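Chemist: Take a look at this one; I'll ask things after.
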Amino acid sequence: MKGRKVLWAVSFIVAGTFIGLILASGSLFSHTPFSPFEAHAQTRLFAPPSSPRTPPPPSTATAMALGEAFNWAAERAIPAVVMIKSETTVKASQNVIPNLPDFFPRDLFPQIPDQNFRREGLGSGVIVSSDGYIVTNNHVIQGADKLTVVIGDDGVETSARVVGTDPRTDVAVIKVDLTNLPTLELGNSDSIKIGHWVVAIGSPFGEALRHTVTTGIVSALGRNIGIVDSDNRSGYTGFESFIQTDAAINPGNSGGALVDLRGRLIGINTAISSTSGSNSGVGFAIPINLVRDIARQLVENGRVSRGYLGVQIQQITPEIQNSLNLPDRHGALVGDVTSGGPAARAGIQRGDVIRTINGIAVKDMNDLRLRIASTPPGQQVRLGLWREGRERTVTATLDELPAEFQLPSERTGSSSRTGAVSRLGLTVTNASEATGRRGGEAQTGVLVTAVDPDSPAASRGLRQGDIIQEVNLQPVANVQEFERKIAAVKAGDSVLLLVKRDNSTLFIGVTIPN
């Protein structure tokens, strides 16, 4: 019994000592974090950010570096990409007469005058010179009466005029009267490869989405998809060698920039392949090397001059390859040779296969067409042929593409109904070419081929068939000179035109409308 009392006493002493230690430390009533999140909040929530204690895994580091590359390329390119707004006058008839028998009087139905409507379009463009030259697609500005370019993040708007267009490649050059503009460095589209990263920049779906940036890769090269304008009269088709990309391209992106990761312009966004009308991962851009040559000719000459070989060609099919014992399907088969043309003079014959141009292999007939057309007339080319199972080489001197295969914009007498000339309400062509075709004495100046009846020119008496020989007492030789001189006149000012009509001349003053 005594032993039990001693044991209880010892137990009380131990318990009391333990409780006393807890009370002395105050830990029983101290605030203990109830979760790891609260513990972290106490020590880190309001602390300044610091560098990660450990580097990111290699995969993340690569992705972050790629993101920085995209950002660098986009920031370098965005200032030179503009939005282009076009306005076109469209005439629409309001008369609806049912299909009735001939004896039924038509005068029972009121004749409503045709109405003019304004159609607006949106696209993109790229500034390629600090003094205001901009490249875009021909379909962005085709037929426009008025062009407005929106530049920079602050959306500065300025009018633009058409310098020249090339429907065969869907390339156009316009100009704004501004200086010290940001430009894009032109790259080399021949150096890009399938799988290379690219960045597309433009204004899809309107002004609210200006300078939209999308990324992707080069999906294919040298695509020919048959969308560029052709001459239905002669069957002479356009020239295509598109860069295909999966970077998102949508309506309004046409004419915008496709750049590499160094921010260099490698293509002009042009088209998409889609069943919905919006991006489906298949977009196309014109290679900048092709754009560069076309734009240079448009700026310097107002037109594009193309080489001509004088052959009818076709693709190499497996059957043709086997029949001719060709080692592969590269090249183009000559189906016919134009008598007296460059090919005939060089000795090319029907049944020859053109395999190389200047030592470089010809991929197919479209490659041959584009490379011949891109070679200046008068230049010699070495053509590698396959004939009767043997290779041989001939040299041909190219002619210029004959007039019967040319579009109006490719001729010296290209017609103008855009930009500054449209402000007068005129459509003009070169008088020298037009009068020469009619068998008369060649004239200098521009021939008026159409006059808008509601235009300033019509109100002052200008007529179809008039030949404008001077602008403000300065002679004009062709459409390009006329366009430039009219563009130099400010809205609200008057321009003095020397007009030849029949066998006499007269001066007509016209005020340029606002």
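In the structure tokens, the first chain shown is A, the next is B, and so on; residue numbers restart at 1 for each chain, and ligands run from 1 in the order shown.
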Could you name the residues that touch A:Asp493 at 12 Å or less, counting only C-alpha atoms, but leaving out those on the same chain fewer than 2 positions away, as a ChimeraX atom specification?
Modeler: /A:472,486-491,495-496,509-514
Chemist: Using only C-alpha atoms, which residues sit within 7 Å of A:Ile266 once same-chain residues fewer than 3 positions away are excluded, as a ChimeraX atom specification?
Modeler: /A:186-189,258-260,287-288
Chemist: Tell me, which residues of stretch 237-386 of chain A carry DSSP helix (DSSP H, G or I), written as an MDAnalysis selection string?
Modeler: chainID A and resid 288:301 318:324 342:346 365:373
Chemist: Find, counting only C-alpha atoms, the residue in A:Ala172, A:Val140, A:Val135, A:Leu447 that gets nearest to A:Glu120.
Modeler: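 The closest residue to A:Glu120 is A:Val140.
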Chemist: Neighbouring residues of A:Ile78 were defined as those with any atom within 12 Å, considering only C-alpha atoms; residues of the same chain fewer than 2 positions away were excluded. Please report them as a PDB file with N, CA and C atoms, in the first residue's frame.
Modeler:
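File produced: result-v9.pdb:
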```pdb
ATOM      1  N   PHE A  70      10.703  34.634 -81.324  1.00  0.00           N
ATOM      2  CA  PHE A  70       9.468  35.106 -81.954  1.00  0.00           C
ATOM      3  C   PHE A  70       9.221  36.572 -81.608  1.00  0.00           C
ATOM      4  N   ASN A  71       9.379  36.910 -80.338  1.00  0.00           N
ATOM      5  CA  ASN A  71       9.148  38.276 -79.888  1.00  0.00           C
ATOM      6  C   ASN A  71      10.099  39.255 -80.568  1.00  0.00           C
ATOM      7  N   TRP A  72      11.371  38.870 -80.669  1.00  0.00           N
ATOM      8  CA  TRP A  72      12.372  39.754 -81.285  1.00  0.00           C
ATOM      9  C   TRP A  72      12.035  39.993 -82.743  1.00  0.00           C
ATOM     10  N   ALA A  73      11.684  38.913 -83.474  1.00  0.00           N
ATOM     11  CA  ALA A  73      11.351  39.053 -84.891  1.00  0.00           C
ATOM     12  C   ALA A  73      10.099  39.901 -85.089  1.00  0.00           C
ATOM     13  N   ALA A  74       9.088  39.693 -84.249  1.00  0.00           N
ATOM     14  CA  ALA A  74       7.833  40.441 -84.376  1.00  0.00           C
ATOM     15  C   ALA A  74       8.044  41.922 -84.102  1.00  0.00           C
ATOM     16  N   GLU A  75       8.775  42.242 -83.040  1.00  0.00           N
ATOM     17  CA  GLU A  75       8.993  43.648 -82.702  1.00  0.00           C
ATOM     18  C   GLU A  75       9.800  44.362 -83.781  1.00  0.00           C
ATOM     19  N   ARG A  76      10.671  43.632 -84.432  1.00  0.00           N
ATOM     20  CA  ARG A  76      11.456  44.236 -85.500  1.00  0.00           C
ATOM     21  C   ARG A  76      10.605  44.488 -86.741  1.00  0.00           C
ATOM     22  N   ALA A  80       6.846  48.135 -89.737  1.00  0.00           N
ATOM     23  CA  ALA A  80       6.836  48.282 -91.199  1.00  0.00           C
ATOM     24  C   ALA A  80       5.623  47.647 -91.855  1.00  0.00           C
ATOM     25  N   VAL A  81       4.735  47.031 -91.079  1.00  0.00           N
ATOM     26  CA  VAL A  81       3.536  46.397 -91.642  1.00  0.00           C
ATOM     27  C   VAL A  81       2.356  47.352 -91.470  1.00  0.00           C
ATOM     28  N   VAL A  82       1.655  47.633 -92.566  1.00  0.00           N
ATOM     29  CA  VAL A  82       0.577  48.615 -92.554  1.00  0.00           C
ATOM     30  C   VAL A  82      -0.745  47.957 -92.911  1.00  0.00           C
ATOM     31  N   MET A  83      -1.819  48.647 -92.590  1.00  0.00           N
ATOM     32  CA  MET A  83      -3.147  48.227 -93.031  1.00  0.00           C
ATOM     33  C   MET A  83      -3.552  49.086 -94.219  1.00  0.00           C
ATOM     34  N   SER A 124      -3.386  44.268 -96.082  1.00  0.00           N
ATOM     35  CA  SER A 124      -2.146  44.654 -95.420  1.00  0.00           C
ATOM     36  C   SER A 124      -1.091  44.970 -96.465  1.00  0.00           C
ATOM     37  N   GLY A 125       0.006  45.539 -96.022  1.00  0.00           N
ATOM     38  CA  GLY A 125       1.125  45.864 -96.897  1.00  0.00           C
ATOM     39  C   GLY A 125       2.397  45.979 -96.076  1.00  0.00           C
ATOM     40  N   VAL A 126       3.537  46.058 -96.760  1.00  0.00           N
ATOM     41  CA  VAL A 126       4.832  46.126 -96.092  1.00  0.00           C
ATOM     42  C   VAL A 126       5.630  47.288 -96.669  1.00  0.00           C
ATOM     43  N   ILE A 127       6.109  48.174 -95.812  1.00  0.00           N
ATOM     44  CA  ILE A 127       6.942  49.295 -96.241  1.00  0.00           C
ATOM     45  C   ILE A 127       8.337  48.765 -96.561  1.00  0.00           C
ATOM     46  N   ILE A 151      -0.711  53.571 -90.657  1.00  0.00           N
ATOM     47  CA  ILE A 151       0.680  53.302 -90.285  1.00  0.00           C
ATOM     48  C   ILE A 151       0.868  53.433 -88.781  1.00  0.00           C
ATOM     49  N   GLY A 152       1.616  52.496 -88.190  1.00  0.00           N
ATOM     50  CA  GLY A 152       2.048  52.609 -86.799  1.00  0.00           C
ATOM     51  C   GLY A 152       0.977  52.266 -85.786  1.00  0.00           C
ATOM     52  N   ASP A 153       1.422  52.154 -84.533  1.00  0.00           N
ATOM     53  CA  ASP A 153       0.507  51.817 -83.451  1.00  0.00           C
ATOM     54  C   ASP A 153      -0.528  52.913 -83.207  1.00  0.00           C
ATOM     55  N   PRO A 182       9.640  53.435 -91.136  1.00  0.00           N
ATOM     56  CA  PRO A 182      10.332  52.176 -90.802  1.00  0.00           C
ATOM     57  C   PRO A 182      10.229  51.199 -91.968  1.00  0.00           C
ATOM     58  N   THR A 183      11.257  50.410 -92.173  1.00  0.00           N
ATOM     59  CA  THR A 183      11.267  49.452 -93.269  1.00  0.00           C
ATOM     60  C   THR A 183      11.656  48.075 -92.749  1.00  0.00           C
ATOM     61  N   LEU A 184      11.444  47.084 -93.598  1.00  0.00           N
ATOM     62  CA  LEU A 184      11.843  45.715 -93.279  1.00  0.00           C
ATOM     63  C   LEU A 184      13.019  45.315 -94.160  1.00  0.00           C
ATOM     64  N   VAL A 199       7.127  33.837 -89.013  1.00  0.00           N
ATOM     65  CA  VAL A 199       6.179  34.696 -88.294  1.00  0.00           C
ATOM     66  C   VAL A 199       5.362  35.467 -89.332  1.00  0.00           C
ATOM     67  N   ALA A 200       4.041  35.408 -89.232  1.00  0.00           N
ATOM     68  CA  ALA A 200       3.144  36.136 -90.135  1.00  0.00           C
ATOM     69  C   ALA A 200       2.540  37.324 -89.398  1.00  0.00           C
ATOM     70  N   ILE A 201       2.511  38.490 -90.070  1.00  0.00           N
ATOM     71  CA  ILE A 201       2.006  39.723 -89.453  1.00  0.00           C
ATOM     72  C   ILE A 201       1.056  40.400 -90.433  1.00  0.00           C
ATOM     73  N   GLY A 202      -0.106  40.827 -89.937  1.00  0.00           N
ATOM     74  CA  GLY A 202      -1.067  41.515 -90.783  1.00  0.00           C
ATOM     75  C   GLY A 202      -2.237  42.031 -89.977  1.00  0.00           C
ATOM     76  N   SER A 203      -3.325  42.329 -90.674  1.00  0.00           N
ATOM     77  CA  SER A 203      -4.514  42.909 -90.040  1.00  0.00           C
ATOM     78  C   SER A 203      -5.739  42.059 -90.363  1.00  0.00           C
ATOM     79  N   ARG A 210      -5.279  45.020 -85.945  1.00  0.00           N
ATOM     80  CA  ARG A 210      -4.042  45.384 -86.631  1.00  0.00           C
ATOM     81  C   ARG A 210      -2.832  44.785 -85.924  1.00  0.00           C
ATOM     82  N   HIS A 211      -1.824  44.445 -86.741  1.00  0.00           N
ATOM     83  CA  HIS A 211      -0.540  43.942 -86.236  1.00  0.00           C
ATOM     84  C   HIS A 211      -0.693  42.637 -85.454  1.00  0.00           C
ATOM     85  N   THR A 212      -1.607  41.800 -85.908  1.00  0.00           N
ATOM     86  CA  THR A 212      -1.726  40.468 -85.309  1.00  0.00           C
ATOM     87  C   THR A 212      -0.536  39.613 -85.751  1.00  0.00           C
ATOM     88  N   VAL A 213       0.061  38.912 -84.794  1.00  0.00           N
ATOM     89  CA  VAL A 213       1.234  38.074 -85.055  1.00  0.00           C
ATOM     90  C   VAL A 213       0.854  36.611 -84.855  1.00  0.00           C
ATOM     91  N   THR A 214       1.165  35.778 -85.846  1.00  0.00           N
ATOM     92  CA  THR A 214       0.990  34.331 -85.724  1.00  0.00           C
ATOM     93  C   THR A 214       2.289  33.659 -86.127  1.00  0.00           C
ATOM     94  N   GLY A 256       0.376  41.173 -96.199  1.00  0.00           N
ATOM     95  CA  GLY A 256       1.187  41.324 -95.003  1.00  0.00           C
ATOM     96  C   GLY A 256       2.502  40.581 -95.092  1.00  0.00           C
ATOM     97  N   ALA A 257       3.257  40.617 -93.997  1.00  0.00           N
ATOM     98  CA  ALA A 257       4.630  40.122 -93.992  1.00  0.00           C
ATOM     99  C   ALA A 257       4.722  38.692 -93.478  1.00  0.00           C
ATOM    100  N   LEU A 258       5.576  37.907 -94.118  1.00  0.00           N
ATOM    101  CA  LEU A 258       6.037  36.628 -93.598  1.00  0.00           C
ATOM    102  C   LEU A 258       7.537  36.791 -93.373  1.00  0.00           C
ATOM    103  N   VAL A 259       7.974  36.690 -92.123  1.00  0.00           N
ATOM    104  CA  VAL A 259       9.375  36.953 -91.791  1.00  0.00           C
ATOM    105  C   VAL A 259       9.999  35.730 -91.137  1.00  0.00           C
ATOM    106  N   GLY A 263      13.724  38.449 -88.360  1.00  0.00           N
ATOM    107  CA  GLY A 263      12.912  39.605 -88.711  1.00  0.00           C
ATOM    108  C   GLY A 263      13.069  40.050 -90.143  1.00  0.00           C
ATOM    109  N   ARG A 264      13.586  39.197 -91.013  1.00  0.00           N
ATOM    110  CA  ARG A 264      13.774  39.546 -92.416  1.00  0.00           C
ATOM    111  C   ARG A 264      12.564  39.094 -93.233  1.00  0.00           C
ATOM    112  N   LEU A 265      12.147  39.934 -94.159  1.00  0.00           N
ATOM    113  CA  LEU A 265      10.978  39.648 -94.982  1.00  0.00           C
ATOM    114  C   LEU A 265      11.328  38.554 -95.991  1.00  0.00           C
TER     115      LEU A 265
END
```
